[in-house]
$ cat upload_22.pdb   # PDB, C-alpha atoms
ATOM      1  CA  MET M 157      36.881  23.080  23.050
ATOM      2  CA  LYS M 158      39.453  20.329  23.617
ATOM      3  CA  ASN M 159      39.046  17.259  21.401
ATOM      4  CA  SER M 160      39.840  14.807  24.141
ATOM      5  CA  ILE M 161      39.831  14.513  27.914
ATOM      6  CA  ALA M 162      42.066  12.392  30.116
ATOM      7  CA  VAL M 163      40.469  10.122  32.711
ATOM      8  CA  GLY M 164      43.202   8.356  34.652
ATOM      9  CA  ASP M 165      45.324   6.684  31.980
ATOM     10  CA  ASP M 166      42.546   6.753  29.378
ATOM     11  CA  ILE M 167      42.164   9.388  26.701
ATOM     12  CA  ILE M 168      38.522   9.914  25.785
ATOM     13  CA  ASN M 169      37.806  11.368  22.352
ATOM     14  CA  LEU M 170      35.294  14.155  21.796
ATOM     15  CA  ASP M 171      33.883  15.595  18.584
ATOM     16  CA  LYS M 172      34.490  19.204  17.636
ATOM     17  CA  GLU M 173      31.521  20.344  19.743
ATOM     18  CA  GLY M 174      32.638  18.396  22.780
ATOM     19  CA  TYR M 175      30.255  15.406  22.566
ATOM     20  CA  LEU M 176      31.573  11.901  23.258
ATOM     21  CA  ARG M 177      32.607  10.063  20.095
ATOM     22  CA  GLN M 178      31.909   6.695  21.743
ATOM     23  CA  LEU M 179      28.807   6.718  23.943
ATOM     24  CA  GLU M 180      30.138   3.754  25.938
ATOM     25  CA  ASP M 181      33.040   5.922  27.168
ATOM     26  CA  TRP M 182      30.675   7.622  29.612
ATOM     27  CA  SER M 183      31.091   7.324  33.380
ATOM     28  CA  GLU M 184      30.214   9.632  36.259
ATOM     29  CA  GLU M 185      33.830  10.742  36.326
ATOM     30  CA  VAL M 186      33.633  11.605  32.618
ATOM     31  CA  ALA M 187      30.424  13.531  33.300
ATOM     32  CA  ASN M 188      32.188  15.610  35.949
ATOM     33  CA  LEU M 189      34.969  16.474  33.500
ATOM     34  CA  LEU M 190      32.556  17.298  30.669
ATOM     35  CA  ALA M 191      30.608  19.538  33.044
ATOM     36  CA  LYS M 192      33.811  21.283  34.123
ATOM     37  CA  GLN M 193      34.509  22.171  30.482
ATOM     38  CA  GLU M 194      31.108  23.895  30.468
ATOM     39  CA  GLY M 195      31.888  25.692  33.732
ATOM     40  CA  ILE M 196      29.380  23.590  35.666
ATOM     41  CA  THR M 197      29.938  21.778  38.969
ATOM     42  CA  LEU M 198      27.515  18.875  39.128
ATOM     43  CA  GLN M 199      25.136  18.822  42.084
ATOM     44  CA  GLN M 200      22.388  16.372  43.023
ATOM     45  CA  THR M 201      19.917  18.450  40.969
ATOM     46  CA  HIS M 202      22.104  17.966  37.868
ATOM     47  CA  TRP M 203      22.543  14.241  38.470
ATOM     48  CA  GLU M 204      18.828  13.584  38.660
ATOM     49  CA  LEU M 205      18.476  15.078  35.161
ATOM     50  CA  ILE M 206      21.522  13.270  33.808
ATOM     51  CA  HIS M 207      20.152   9.912  34.945
ATOM     52  CA  LEU M 208      16.728  10.766  33.565
ATOM     53  CA  LEU M 209      18.259  11.631  30.173
ATOM     54  CA  ARG M 210      20.320   8.471  30.081
ATOM     55  CA  SER M 211      17.371   6.189  30.798
ATOM     56  CA  PHE M 212      15.290   8.114  28.240
ATOM     57  CA  TYR M 213      17.986   7.609  25.627
ATOM     58  CA  GLN M 214      18.264   3.921  26.420
ATOM     59  CA  ARG M 215      14.523   3.499  25.862
ATOM     60  CA  HIS M 216      14.001   5.803  22.882
ATOM     61  CA  GLN M 217      17.469   6.107  21.261
ATOM     62  CA  LEU M 218      16.929   9.841  20.998
ATOM     63  CA  SER M 219      18.266  12.931  22.794
ATOM     64  CA  PRO M 220      15.296  15.209  23.512
ATOM     65  CA  ALA M 221      15.324  18.712  22.010
ATOM     66  CA  ASN M 222      14.412  21.666  24.277
ATOM     67  CA  ARG M 223      10.626  21.434  24.189
ATOM     68  CA  ALA M 224      10.666  17.665  24.587
ATOM     69  CA  LEU M 225      13.173  17.951  27.431
ATOM     70  CA  VAL M 226      10.921  20.350  29.328
ATOM     71  CA  ASN M 227       7.923  18.045  28.839
ATOM     72  CA  LEU M 228       9.934  14.983  29.826
ATOM     73  CA  VAL M 229      11.138  16.625  33.047
ATOM     74  CA  LYS M 230       7.631  17.864  33.798
ATOM     75  CA  ARG M 231       6.257  14.341  33.398
ATOM     76  CA  GLU M 232       9.007  12.575  35.363
ATOM     77  CA  LEU M 233      10.097  15.122  37.987
ATOM     78  CA  GLY M 234       7.057  17.361  38.307
ATOM     79  CA  PRO M 235       5.942  20.831  37.137
ATOM     80  CA  GLU M 236       8.354  22.746  39.409
ATOM     81  CA  LYS M 237      11.323  21.338  37.527
ATOM     82  CA  GLY M 238       9.653  20.968  34.136
ATOM     83  CA  LYS M 239      10.342  24.583  33.194
ATOM     84  CA  SER M 240      12.835  26.167  30.797
ATOM     85  CA  ALA M 241      13.956  28.595  33.510
ATOM     86  CA  TYR M 242      14.803  25.768  35.941
ATOM     87  CA  LEU M 243      16.768  23.859  33.287
ATOM     88  CA  MET M 244      18.599  26.991  32.113
ATOM     89  CA  GLY M 245      19.520  27.682  35.721
ATOM     90  CA  LEU M 246      21.260  24.311  35.848
ATOM     91  CA  PHE M 247      22.736  23.974  32.366
ATOM     92  CA  GLY M 248      22.832  27.482  30.933
ATOM     93  CA  GLY M 249      21.285  28.929  27.783
ATOM     94  CA  SER M 250      20.953  25.676  25.781
ATOM     95  CA  PRO M 251      19.923  23.115  28.394
ATOM     96  CA  ALA M 252      19.070  20.332  25.907
ATOM     97  CA  LYS M 253      22.458  20.544  24.175
ATOM     98  CA  ILE M 254      24.538  20.889  27.330
ATOM     99  CA  SER M 255      22.696  18.297  29.432
ATOM    100  CA  SER M 256      22.884  15.743  26.591
ATOM    101  CA  LYS M 257      26.603  16.432  26.272
ATOM    102  CA  ILE M 258      27.277  15.886  29.983
ATOM    103  CA  ALA M 259      25.034  12.805  30.009
ATOM    104  CA  GLY M 260      27.205  11.332  27.249
ATOM    105  CA  LEU M 261      24.483  11.335  24.588
ATOM    106  CA  PRO M 262      24.524  12.587  20.992
ATOM    107  CA  LYS M 263      23.624  16.215  20.300
ATOM    108  CA  PRO M 264      19.826  16.522  20.023
ATOM    109  CA  ASP M 265      18.447  16.874  16.493
ATOM    110  CA  ASN M 266      16.033  19.672  15.699
ATOM    111  CA  CYS M 267      17.412  21.917  18.402
ATOM    112  CA  LEU M 268      16.897  25.593  17.724
TER     113      LEU M 268
ATOM    114  CA  MET B1269      -7.150  11.840  22.759
ATOM    115  CA  SER B1270      -6.185  13.218  19.392
ATOM    116  CA  GLU B1271      -8.192  15.889  17.670
ATOM    117  CA  ILE B1272      -7.954  17.555  14.311
ATOM    118  CA  ASN B1273      -6.077  20.842  14.427
ATOM    119  CA  SER B1274      -7.982  23.433  12.462
ATOM    120  CA  SER B1275      -5.449  26.296  12.604
ATOM    121  CA  LYS B1276      -2.079  26.441  10.758
ATOM    122  CA  THR B1277      -1.366  22.784  10.261
ATOM    123  CA  VAL B1278       1.228  20.420   8.815
ATOM    124  CA  SER B1279       0.097  16.883   8.020
ATOM    125  CA  ILE B1280       2.485  14.017   7.428
ATOM    126  CA  ILE B1281       1.294  10.862   5.701
ATOM    127  CA  SER B1282       3.782   8.099   6.421
ATOM    128  CA  ARG B1283       3.194   5.135   4.097
ATOM    129  CA  GLN B1284       6.378   3.066   4.181
ATOM    130  CA  ALA B1285       7.581   0.226   6.397
ATOM    131  CA  PRO B1286      10.178   1.264   8.996
ATOM    132  CA  TYR B1287      13.479  -0.208   7.772
ATOM    133  CA  GLY B1288      13.215  -1.047   4.041
ATOM    134  CA  SER B1289      13.890   2.593   3.123
ATOM    135  CA  ASN B1290      14.688   5.782   5.048
ATOM    136  CA  ARG B1291      11.306   7.347   4.281
ATOM    137  CA  ALA B1292       9.696   6.349   7.567
ATOM    138  CA  HIS B1293      12.575   7.967   9.417
ATOM    139  CA  GLN B1294      12.312  11.091   7.261
ATOM    140  CA  SER B1295       8.627  11.379   8.178
ATOM    141  CA  LEU B1296       9.617  11.478  11.829
ATOM    142  CA  ASP B1297      12.331  14.075  11.205
ATOM    143  CA  ILE B1298       9.826  16.320   9.430
ATOM    144  CA  ALA B1299       7.311  15.913  12.251
ATOM    145  CA  LEU B1300       9.839  16.754  14.966
ATOM    146  CA  ALA B1301      11.209  19.720  13.043
ATOM    147  CA  ALA B1302       7.679  21.076  12.458
ATOM    148  CA  ALA B1303       6.841  20.621  16.143
ATOM    149  CA  VAL B1304       9.987  22.440  17.254
ATOM    150  CA  PHE B1305       8.842  25.370  15.095
ATOM    151  CA  GLU B1306       5.522  25.316  16.967
ATOM    152  CA  GLN B1307       3.481  24.085  14.021
ATOM    153  CA  ALA B1308       0.427  21.930  14.658
ATOM    154  CA  VAL B1309       1.236  18.475  13.341
ATOM    155  CA  ASN B1310      -1.053  15.660  12.215
ATOM    156  CA  TYR B1311       0.812  12.375  11.889
ATOM    157  CA  ILE B1312      -1.038   9.875   9.722
ATOM    158  CA  PHE B1313       0.008   6.239   9.255
ATOM    159  CA  MET B1314      -1.307   4.578   6.105
ATOM    160  CA  GLY B1315      -0.477   1.596   3.925
ATOM    161  CA  ASP B1316       2.764  -0.141   4.915
ATOM    162  CA  GLY B1317       3.358   2.784   7.280
ATOM    163  CA  VAL B1318       1.219   1.020   9.886
ATOM    164  CA  TYR B1319       4.018  -1.568  10.193
ATOM    165  CA  GLN B1320       6.081   1.183  11.883
ATOM    166  CA  LEU B1321       3.830   0.870  14.938
ATOM    167  CA  LEU B1322       4.013  -2.884  15.562
ATOM    168  CA  GLY B1323       4.944  -3.868  19.110
ATOM    169  CA  ASN B1324       7.972  -5.985  20.019
ATOM    170  CA  GLN B1325      10.297  -4.610  17.321
ATOM    171  CA  ASN B1326      14.043  -4.804  17.899
ATOM    172  CA  ALA B1327      16.108  -3.445  15.040
ATOM    173  CA  THR B1328      19.444  -4.082  16.740
ATOM    174  CA  SER B1329      19.278  -7.417  14.891
ATOM    175  CA  ILE B1330      19.788  -5.478  11.645
ATOM    176  CA  GLN B1331      22.107  -2.818  13.145
ATOM    177  CA  SER B1332      19.423  -0.113  13.077
ATOM    178  CA  LYS B1333      17.587   1.997  15.629
ATOM    179  CA  THR B1334      14.101   0.767  16.488
ATOM    180  CA  LEU B1335      11.924   3.465  14.969
ATOM    181  CA  VAL B1336       8.848   2.866  17.121
ATOM    182  CA  ASN B1337      10.875   3.704  20.259
ATOM    183  CA  ALA B1338      11.416   7.188  18.851
ATOM    184  CA  LEU B1339       7.772   7.454  17.723
ATOM    185  CA  GLU B1340       6.789   6.940  21.366
ATOM    186  CA  THR B1341       8.290  10.362  22.157
ATOM    187  CA  LEU B1342       5.931  12.283  19.825
ATOM    188  CA  ASP B1343       3.767  13.441  22.749
ATOM    189  CA  LEU B1344       6.803  15.072  24.395
ATOM    190  CA  TYR B1345       7.171  17.172  21.247
ATOM    191  CA  GLY B1346       3.546  18.209  21.548
ATOM    192  CA  ILE B1347       2.432  15.929  18.704
ATOM    193  CA  GLU B1348      -0.755  14.341  19.934
ATOM    194  CA  SER B1349      -2.781  14.191  16.724
ATOM    195  CA  ILE B1350      -1.768  10.727  15.587
ATOM    196  CA  PHE B1351      -4.027   8.829  13.203
ATOM    197  CA  ILE B1352      -3.983   5.301  11.834
ATOM    198  CA  ASP B1353      -5.911   4.287   8.738
ATOM    199  CA  SER B1354      -8.246   1.486   9.773
ATOM    200  CA  GLN B1355      -8.432  -0.003   6.277
ATOM    201  CA  SER B1356      -4.626  -0.379   6.154
ATOM    202  CA  LEU B1357      -4.728  -2.259   9.458
ATOM    203  CA  ARG B1358      -7.541  -4.497   8.279
ATOM    204  CA  GLU B1359      -5.773  -5.308   5.003
ATOM    205  CA  ARG B1360      -2.751  -6.471   7.007
ATOM    206  CA  ASN B1361      -4.776  -8.506   9.485
ATOM    207  CA  LEU B1362      -3.673  -6.175  12.327
ATOM    208  CA  THR B1363      -5.668  -4.740  15.225
ATOM    209  CA  PRO B1364      -4.902  -1.882  17.657
ATOM    210  CA  LYS B1365      -3.749  -4.549  20.135
ATOM    211  CA  ASP B1366      -0.804  -5.336  17.836
ATOM    212  CA  LEU B1367       0.449  -1.742  18.014
ATOM    213  CA  ALA B1368       2.886  -0.137  20.450
ATOM    214  CA  LEU B1369       1.451   3.364  20.107
ATOM    215  CA  ASN B1370      -1.857   4.840  21.213
ATOM    216  CA  ALA B1371      -3.539   6.633  18.344
ATOM    217  CA  SER B1372      -6.901   7.328  16.753
ATOM    218  CA  ILE B1373      -8.055   4.682  14.297
ATOM    219  CA  VAL B1374      -9.772   6.569  11.484
ATOM    220  CA  SER B1375     -11.509   5.961   8.164
ATOM    221  CA  ARG B1376     -10.307   7.140   4.747
ATOM    222  CA  GLY B1377     -13.075   9.740   4.851
ATOM    223  CA  GLU B1378     -11.678  11.218   8.048
ATOM    224  CA  ILE B1379      -8.158  11.245   6.574
ATOM    225  CA  ALA B1380      -9.509  13.131   3.562
ATOM    226  CA  LYS B1381     -10.903  15.774   5.912
ATOM    227  CA  ILE B1382      -7.609  16.088   7.782
ATOM    228  CA  VAL B1383      -5.701  16.516   4.500
ATOM    229  CA  ARG B1384      -8.164  19.128   3.285
ATOM    230  CA  ALA B1385      -7.829  21.091   6.535
ATOM    231  CA  SER B1386      -4.002  21.126   6.304
ATOM    232  CA  ASP B1387      -1.865  24.034   5.167
ATOM    233  CA  SER B1388       0.773  21.624   3.910
ATOM    234  CA  VAL B1389       1.004  17.883   3.469
ATOM    235  CA  PHE B1390       4.126  15.744   3.374
ATOM    236  CA  ASN B1391       3.312  12.451   1.722
ATOM    237  CA  LEU B1392       6.080   9.900   1.909
TER     238      LEU B1392
ATOM    239  CA  MET I 236      18.111 -27.223 -11.673
ATOM    240  CA  SER I 237      16.513 -25.414  -8.773
ATOM    241  CA  THR I 238      16.266 -21.732  -8.031
ATOM    242  CA  LEU I 239      16.162 -19.739  -4.793
ATOM    243  CA  HIS I 240      13.928 -16.688  -5.107
ATOM    244  CA  THR I 241      14.432 -13.884  -2.577
ATOM    245  CA  VAL I 242      11.567 -11.429  -2.027
ATOM    246  CA  SER I 243      12.603  -8.224  -0.258
ATOM    247  CA  LYS I 244       9.553  -5.938  -0.442
ATOM    248  CA  ALA I 245       6.283  -5.909   1.508
ATOM    249  CA  PRO I 246       3.179  -7.697   0.108
ATOM    250  CA  SER I 247       1.791  -4.365  -1.153
ATOM    251  CA  PHE I 248       4.453  -4.422  -3.908
ATOM    252  CA  ARG I 249       2.855  -7.628  -5.264
ATOM    253  CA  LEU I 250       6.192  -9.193  -6.141
ATOM    254  CA  LEU I 251       5.264 -12.617  -4.783
ATOM    255  CA  GLU I 252       2.445 -13.017  -7.309
ATOM    256  CA  THR I 253       4.820 -12.459 -10.213
ATOM    257  CA  CYS I 254       7.498 -14.593  -8.620
ATOM    258  CA  LEU I 255       5.146 -17.539  -8.110
ATOM    259  CA  SER I 256       3.822 -17.227 -11.659
ATOM    260  CA  ILE I 257       7.197 -18.302 -13.036
ATOM    261  CA  ILE I 258       8.298 -20.605 -10.242
ATOM    262  CA  GLN I 259       8.917 -24.325 -10.737
ATOM    263  CA  ALA I 260       8.414 -27.315  -8.460
ATOM    264  CA  GLY I 261      11.441 -27.723  -6.215
ATOM    265  CA  ASP I 262      12.229 -23.998  -6.100
ATOM    266  CA  ALA I 263      12.282 -22.116  -2.812
ATOM    267  CA  VAL I 264      11.238 -18.612  -1.769
ATOM    268  CA  LEU I 265      13.162 -16.765   0.943
ATOM    269  CA  PHE I 266      11.617 -13.629   2.446
ATOM    270  CA  ILE I 267      14.192 -11.029   3.483
ATOM    271  CA  GLU I 268      14.067  -7.344   4.569
ATOM    272  CA  ASP I 269      10.495  -6.015   4.116
ATOM    273  CA  GLY I 270       9.638  -9.304   2.383
ATOM    274  CA  VAL I 271       9.231 -10.852   5.849
ATOM    275  CA  TYR I 272       5.904  -9.002   6.218
ATOM    276  CA  HIS I 273       4.527 -11.822   4.019
ATOM    277  CA  CYS I 274       4.998 -14.178   6.981
ATOM    278  CA  GLN I 275       2.494 -12.404   9.200
ATOM    279  CA  GLN I 276      -0.648 -13.040   7.185
ATOM    280  CA  SER I 277      -1.992 -16.282   5.730
ATOM    281  CA  THR I 278      -2.791 -15.878   2.025
ATOM    282  CA  GLU I 279      -3.683 -18.119  -0.899
ATOM    283  CA  LEU I 280      -0.256 -17.457  -2.448
ATOM    284  CA  LEU I 281       1.509 -19.085   0.503
ATOM    285  CA  ARG I 282      -0.545 -22.292   0.174
ATOM    286  CA  ASN I 283       1.536 -23.439  -2.805
ATOM    287  CA  SER I 284       2.641 -26.945  -1.828
ATOM    288  CA  GLU I 285       5.227 -27.244  -4.614
ATOM    289  CA  VAL I 286       7.342 -24.453  -3.170
ATOM    290  CA  LYS I 287       9.180 -24.277   0.151
ATOM    291  CA  PHE I 288       8.987 -20.899   1.952
ATOM    292  CA  TYR I 289      11.656 -19.517   4.276
ATOM    293  CA  CYS I 290      12.190 -16.230   6.073
ATOM    294  CA  LEU I 291      15.207 -14.506   7.605
ATOM    295  CA  ARG I 292      15.199 -14.454  11.398
ATOM    296  CA  GLU I 293      17.081 -11.160  11.856
ATOM    297  CA  ASP I 294      14.539  -9.319   9.698
ATOM    298  CA  LEU I 295      11.611 -10.862  11.609
ATOM    299  CA  ILE I 296      13.054  -9.757  14.967
ATOM    300  CA  ALA I 297      13.692  -6.207  13.744
ATOM    301  CA  ARG I 298      10.112  -5.811  12.532
ATOM    302  CA  GLY I 299       8.345  -7.276  15.573
ATOM    303  CA  LEU I 300       7.226 -10.384  13.664
ATOM    304  CA  ILE I 301       9.141 -13.142  15.432
ATOM    305  CA  ASP I 302       6.035 -14.171  17.418
ATOM    306  CA  ARG I 303       3.548 -13.368  14.649
ATOM    307  CA  LYS I 304       5.012 -15.612  11.964
ATOM    308  CA  LEU I 305       2.972 -18.333  10.233
ATOM    309  CA  ASP I 306       4.016 -21.846  11.248
ATOM    310  CA  THR I 307       4.170 -22.949   7.624
ATOM    311  CA  ILE I 308       7.162 -20.717   6.901
ATOM    312  CA  GLU I 309      10.532 -21.923   8.141
ATOM    313  CA  THR I 310      12.889 -19.458   9.825
ATOM    314  CA  VAL I 311      16.580 -19.362   8.904
ATOM    315  CA  ASN I 312      19.409 -17.217  10.236
ATOM    316  CA  THR I 313      22.156 -15.639   8.137
ATOM    317  CA  GLN I 314      24.056 -18.922   8.028
ATOM    318  CA  GLY I 315      20.870 -20.632   6.828
ATOM    319  CA  PHE I 316      20.598 -17.976   4.119
ATOM    320  CA  VAL I 317      24.074 -18.910   2.923
ATOM    321  CA  ASP I 318      23.198 -22.625   3.031
ATOM    322  CA  LEU I 319      20.101 -22.019   0.883
ATOM    323  CA  CYS I 320      22.200 -20.117  -1.661
ATOM    324  CA  VAL I 321      24.610 -23.047  -1.893
ATOM    325  CA  GLN I 322      21.850 -25.689  -2.088
ATOM    326  CA  HIS I 323      20.224 -24.094  -5.135
ATOM    327  CA  ASP I 324      21.697 -23.770  -8.601
ATOM    328  CA  GLY I 325      20.703 -20.160  -9.069
ATOM    329  CA  ILE I 326      19.287 -17.159  -7.252
ATOM    330  CA  VAL I 327      16.680 -14.685  -8.480
ATOM    331  CA  ASN I 328      16.075 -11.507  -6.459
ATOM    332  CA  TRP I 329      12.646  -9.861  -6.405
ATOM    333  CA  PHE I 330      12.889  -6.280  -5.188
TER     334      PHE I 330
END

$ encode --input "upload_22.pdb" --output "structure tokens"
Amino acid sequence: MKNSIAVGDDIINLDKEGYLRQLEDWSEEVANLLAKQEGITLQQTHWELIHLLRSFYQRHQLSPANRALVNLVKRELGPEKGKSAYLMGLFGGSPAKISSKIAGLPKPDNCL
Amino acid sequence: MSEINSSKTVSIISRQAPYGSNRAHQSLDIALAAAVFEQAVNYIFMGDGVYQLLGNQNATSIQSKTLVNALETLDLYGIESIFIDSQSLRERNLTPKDLALNASIVSRGEIAKIVRASDSVFNL
Amino acid sequence: MSTLHTVSKAPSFRLLETCLSIIQAGDAVLFIEDGVYHCQQSTELLRNSEVKFYCLREDLIARGLIDRKLDTIETVNTQGFVDLCVQHDGIVNWF
């Protein structure tokens, strides 16, 4: 994992697991680059989750762990999407960790 | 609404105000960790712990995170058994209308029953 | 000689009772940190006319008390805290 990414002339610092060091460094362009590092090309279905996570974090100052993420998505986007399988299809084996990373949030606590 | 879990159960009694020490935050960490491990959790607010639930808090003024905003996510972690000691509210001249969180207002007798029915109790 | 007393724990710690038992006319009490929970509930202790009561604004806002505060207690900001320290000859902390 690289410890920084370049966005135009700016160098954006990441921690050793690839999370943003400064949450205010986030932009959609940064999200695309962070996703690329995870081998993900962001589609509309990813963006709807990224925006949901960011507004959740703004309200609760917390990145949701897996179970909470599933319940959050179920509540906000409906039961079809509020499933582990759907989220793993988009973000891979650890959807809470990877989606928080791309959304520019801290790593979720209490994540198995 | 909340109900008492009778199976394998962890109860947390949170008795401290939200920012004067880190104990209120530790209560939340324990609750979330227990929930992630699929334990049934009872979250009980007593004594100065009821101050954690007051509405209109904004801890950015003291460079902290506003704890009640995180407490609002308990239901997403499957923690729905949330209890508030009515005597503690009364002693502080507070009513459920002053609180930002929906929870069951219970008597000391009911709290005693919840504690007795728990496999482990974290009291902090 | 006047003294500024700061109280930084919630009423359940019963520090204010002890503080007021040794206080003198002209002294002031400033509630800070969890001490600001005193400002939310009218009690006999706060009806002491010989003592002026203050509370710290930042701590009220954090704890959701800015609109629940008793009118009889004056709010100060951090600068006001400093001014109170300078205006009094000594400071005693109750914590």

$ closest_residue --input "upload_22.pdb" --among "I:Gln322, I:Thr253, I:Ser284, I:Thr278" --to "Leu305 (chain I)" --atoms "all atoms listed in the file"
I:Thr278

$ closest_residue --input "upload_22.pdb" --among "B:Ala1285, B:Val1383, B:Leu1300, B:Ala1371" --to "chain I" --atoms "only C-alpha atoms"
B:Ala1285

$ resolve_selection --input "upload_22.pdb" --expression "the PyMOL selection byres ((chain B) within 9 of (chain I))" --output "PyMOL selection string"
chain B and resi 1285-1288+1315-1316+1319-1320+1322-1330+1332+1334+1360-1361

$ write_last_selection --input "upload_22.pdb" --atoms "C-alpha atoms" --output "PDB file, keeping the file's coordinate frame"
ATOM      1  CA  ALA B1285       7.581   0.226   6.397  1.00  0.00           C
ATOM      2  CA  PRO B1286      10.178   1.264   8.996  1.00  0.00           C
ATOM      3  CA  TYR B1287      13.479  -0.208   7.772  1.00  0.00           C
ATOM      4  CA  GLY B1288      13.215  -1.047   4.041  1.00  0.00           C
ATOM      5  CA  GLY B1315      -0.477   1.596   3.925  1.00  0.00           C
ATOM      6  CA  ASP B1316       2.764  -0.141   4.915  1.00  0.00           C
ATOM      7  CA  TYR B1319       4.018  -1.568  10.193  1.00  0.00           C
ATOM      8  CA  GLN B1320       6.081   1.183  11.883  1.00  0.00           C
ATOM      9  CA  LEU B1322       4.013  -2.884  15.562  1.00  0.00           C
ATOM     10  CA  GLY B1323       4.944  -3.868  19.110  1.00  0.00           C
ATOM     11  CA  ASN B1324       7.972  -5.985  20.019  1.00  0.00           C
ATOM     12  CA  GLN B1325      10.297  -4.610  17.321  1.00  0.00           C
ATOM     13  CA  ASN B1326      14.043  -4.804  17.899  1.00  0.00           C
ATOM     14  CA  ALA B1327      16.108  -3.445  15.040  1.00  0.00           C
ATOM     15  CA  THR B1328      19.444  -4.082  16.740  1.00  0.00           C
ATOM     16  CA  SER B1329      19.278  -7.417  14.891  1.00  0.00           C
ATOM     17  CA  ILE B1330      19.788  -5.478  11.645  1.00  0.00           C
ATOM     18  CA  SER B1332      19.423  -0.113  13.077  1.00  0.00           C
ATOM     19  CA  THR B1334      14.101   0.767  16.488  1.00  0.00           C
ATOM     20  CA  ARG B1360      -2.751  -6.471   7.007  1.00  0.00           C
ATOM     21  CA  ASN B1361      -4.776  -8.506   9.485  1.00  0.00           C
TER      22      ASN B1361
END

$ residues_around --input "upload_22.pdb" --residues "Ile308 (chain I)" --least-positions-apart "3" --cutoff "7 Å" --atoms "all atoms listed in the file" --output "ChimeraX atom specification"
/I:274,288-290,305

$ resolve_selection --input "upload_22.pdb" --expression "the PyMOL selection byres ((chain M) within 7 of (chain B))" --output "list in words"
Arg215, His216, Gln217, Leu218, Arg223, Ala224, Asn227, Leu228 and Asn266 of chain M

$ axis_aligned_box --input "upload_22.pdb" --around "region 242-257 of chain M" --padding-each-side "5 Å" --output "JSON"
{"center_x": 20.7, "center_y": 22.3, "center_z": 30.1, "size_x": 21.8, "size_y": 23.2, "size_z": 21.8}

$ residues_around --input "upload_22.pdb" --residues "Trp203 (chain M)" --least-positions-apart "4" --cutoff "10 Å" --atoms "all atoms listed in the file" --output "list in words"
Glu184, Ala187, Leu198, Gln199, His207, Leu208, Leu209, Ser255, Ile258 and Ala259 of chain M

$ resolve_selection --input "upload_22.pdb" --expression "the PyMOL selection byres ((chain I and resi 266) around 6)" --output "ChimeraX atom specification"
/I:241-242,265,267,270-271,290

$ write_last_selection --input "upload_22.pdb" --atoms "C-alpha atoms" --output "JSON list (two decimals), keeping the file's coordinate frame"
[["chain", "number", "residue", "atom", "x", "y", "z"],
["I", 241, "THR", "CA", 14.43, -13.88, -2.58],
["I", 242, "VAL", "CA", 11.57, -11.43, -2.03],
["I", 265, "LEU", "CA", 13.16, -16.76, 0.94],
["I", 267, "ILE", "CA", 14.19, -11.03, 3.48],
["I", 270, "GLY", "CA", 9.64, -9.30, 2.38],
["I", 271, "VAL", "CA", 9.23, -10.85, 5.85],
["I", 290, "CYS", "CA", 12.19, -16.23, 6.07]]

$ residues_around --input "upload_22.pdb" --residues "Leu319 (chain I)" --least-positions-apart "4" --cutoff "10 Å" --atoms "all atoms listed in the file" --output "ChimeraX atom specification"
/I:238-239,263-265,289,311,313-315,323-324,326

$ atom_distance --input "upload_22.pdb" --atom1 "CA of Ser1372 (chain B)" --atom2 "CA of Ser1349 (chain B)"
8.0 Å
